[in-house]
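Have a look at the structure below before the remarks.
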Amino acid sequence: MIGKLTGKVDSVGLDWAIIDVGGVGYVVHCSTRTLSRLKAGETARLSIETHVREDRIQLFGFMSDLEREWFRLLNTVQGVGTKVALGVLSVLEAPDLATAIALQDKAAISRAPGVGPRVAARIAAELKDKAPLFADVDPALARLAGGDGAEA
């Protein structure tokens, strides 16, 4: 499996970049936030999530290991695939996503392309126990917002 790539940015598209590592160009799918930080001709170092399917191998690239972890977590939610997960990470940085989930802020999550109210609610509900580990949110505030499942 490929876990990290360091190489020269060959080109950048709408949702991908080609990273040249020793003369081999890897197509890496990224959030718009990550793509905006990649410049053709410059060296990039990306944390990689490799997905192996029957008909293809896809690489997903992230500026940090934390962002990659959130991508993995988002993909565990029913109805959230790689495209939606990248969309969420395009709109919310990892700490902001953690805070939105901890506070059950479905409106913030639903700003992502492809995320309607139901998917946002599912993300908030299914990841609520994991978000406080990544968020700078007072646990009492999360409880008041319903983030830990406590009854008000």
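Residue numbers start at 1 in each chain; chains themselves are named A, B, ... in the order of the structure tokens; ligands are numbered from 1 in the order shown.
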Residues within 10 Å of stretch 82-91 of chain A, only C-alpha atoms, excluding chain neighbours under 6 positions, as an MDAnalysis selection string | chainID A and resid 15 29:36 51 60:62 67:68 70:76 97 108:115 119:120
I'd like the contact shell of A:Asp10 - 7 Å cut-off, only C-alpha atoms, skipping same-chain residues fewer than 3 positions apart - returned as a compact mmCIF listing (two decimals) with N, CA, C and O atoms, in the first residue's frame.
# COMPACT_ATOMS: atom_id res chain seq x y z
N ILE A 18 -1.38 15.28 -10.34
CA ILE A 18 -0.42 14.25 -10.72
C ILE A 18 0.89 14.60 -10.03
O ILE A 18 1.42 15.70 -10.20
N ILE A 19 1.35 13.65 -9.20
CA ILE A 19 2.59 13.82 -8.46
C ILE A 19 3.64 12.93 -9.10
O ILE A 19 3.47 11.71 -9.17
N ASP A 20 4.71 13.55 -9.58
CA ASP A 20 5.80 12.83 -10.23
C ASP A 20 6.82 12.42 -9.17
O ASP A 20 7.46 13.26 -8.55
N ALA A 40 2.05 23.55 -9.57
CA ALA A 40 2.83 22.81 -10.56
C ALA A 40 4.30 23.22 -10.48
O ALA A 40 4.63 24.39 -10.35
N GLY A 41 5.18 22.22 -10.50
CA GLY A 41 6.61 22.46 -10.45
C GLY A 41 7.19 22.44 -9.05
O GLY A 41 8.40 22.32 -8.88
Identify which of the residues A:Arg118, A:Lys130, A:Arg53, A:Arg45 lies closest to A:Gly7, counting only C-alpha atoms when measuring atom-to-atom distances.
-> A:Arg45
How many Å separate atom CA of A:Gly79 from atom CA of A:Leu14?
->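 Atom-to-atom, atom CA of A:Gly79 and atom CA of A:Leu14 are spaced 22.9 Å apart.
Counting from atom CA of A:Asp96, the distance to atom CA of A:Leu38 is 21.5 Å.
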Which residue out of A:Thr6, A:Arg122, A:Gly81, A:Ser64 has the minimum interatomic distance to A:Ala94 when only C-alpha atoms are used?
->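 Using only C-alpha atoms, the shortest distance to A:Ala94 belongs to A:Ser64.
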Work out how far apart atom CA of A:Ile123 and atom CA of A:Ile101 are and give it in Å to one decimal.
->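 Atom CA of A:Ile101 lies at a distance of 7.6 Å from atom CA of A:Ile123.
Nearest to A:Tyr26 of all the residues A:Glu49, A:Pro95, A:Glu126, A:Val9 is A:Val9, counting only C-alpha atoms.
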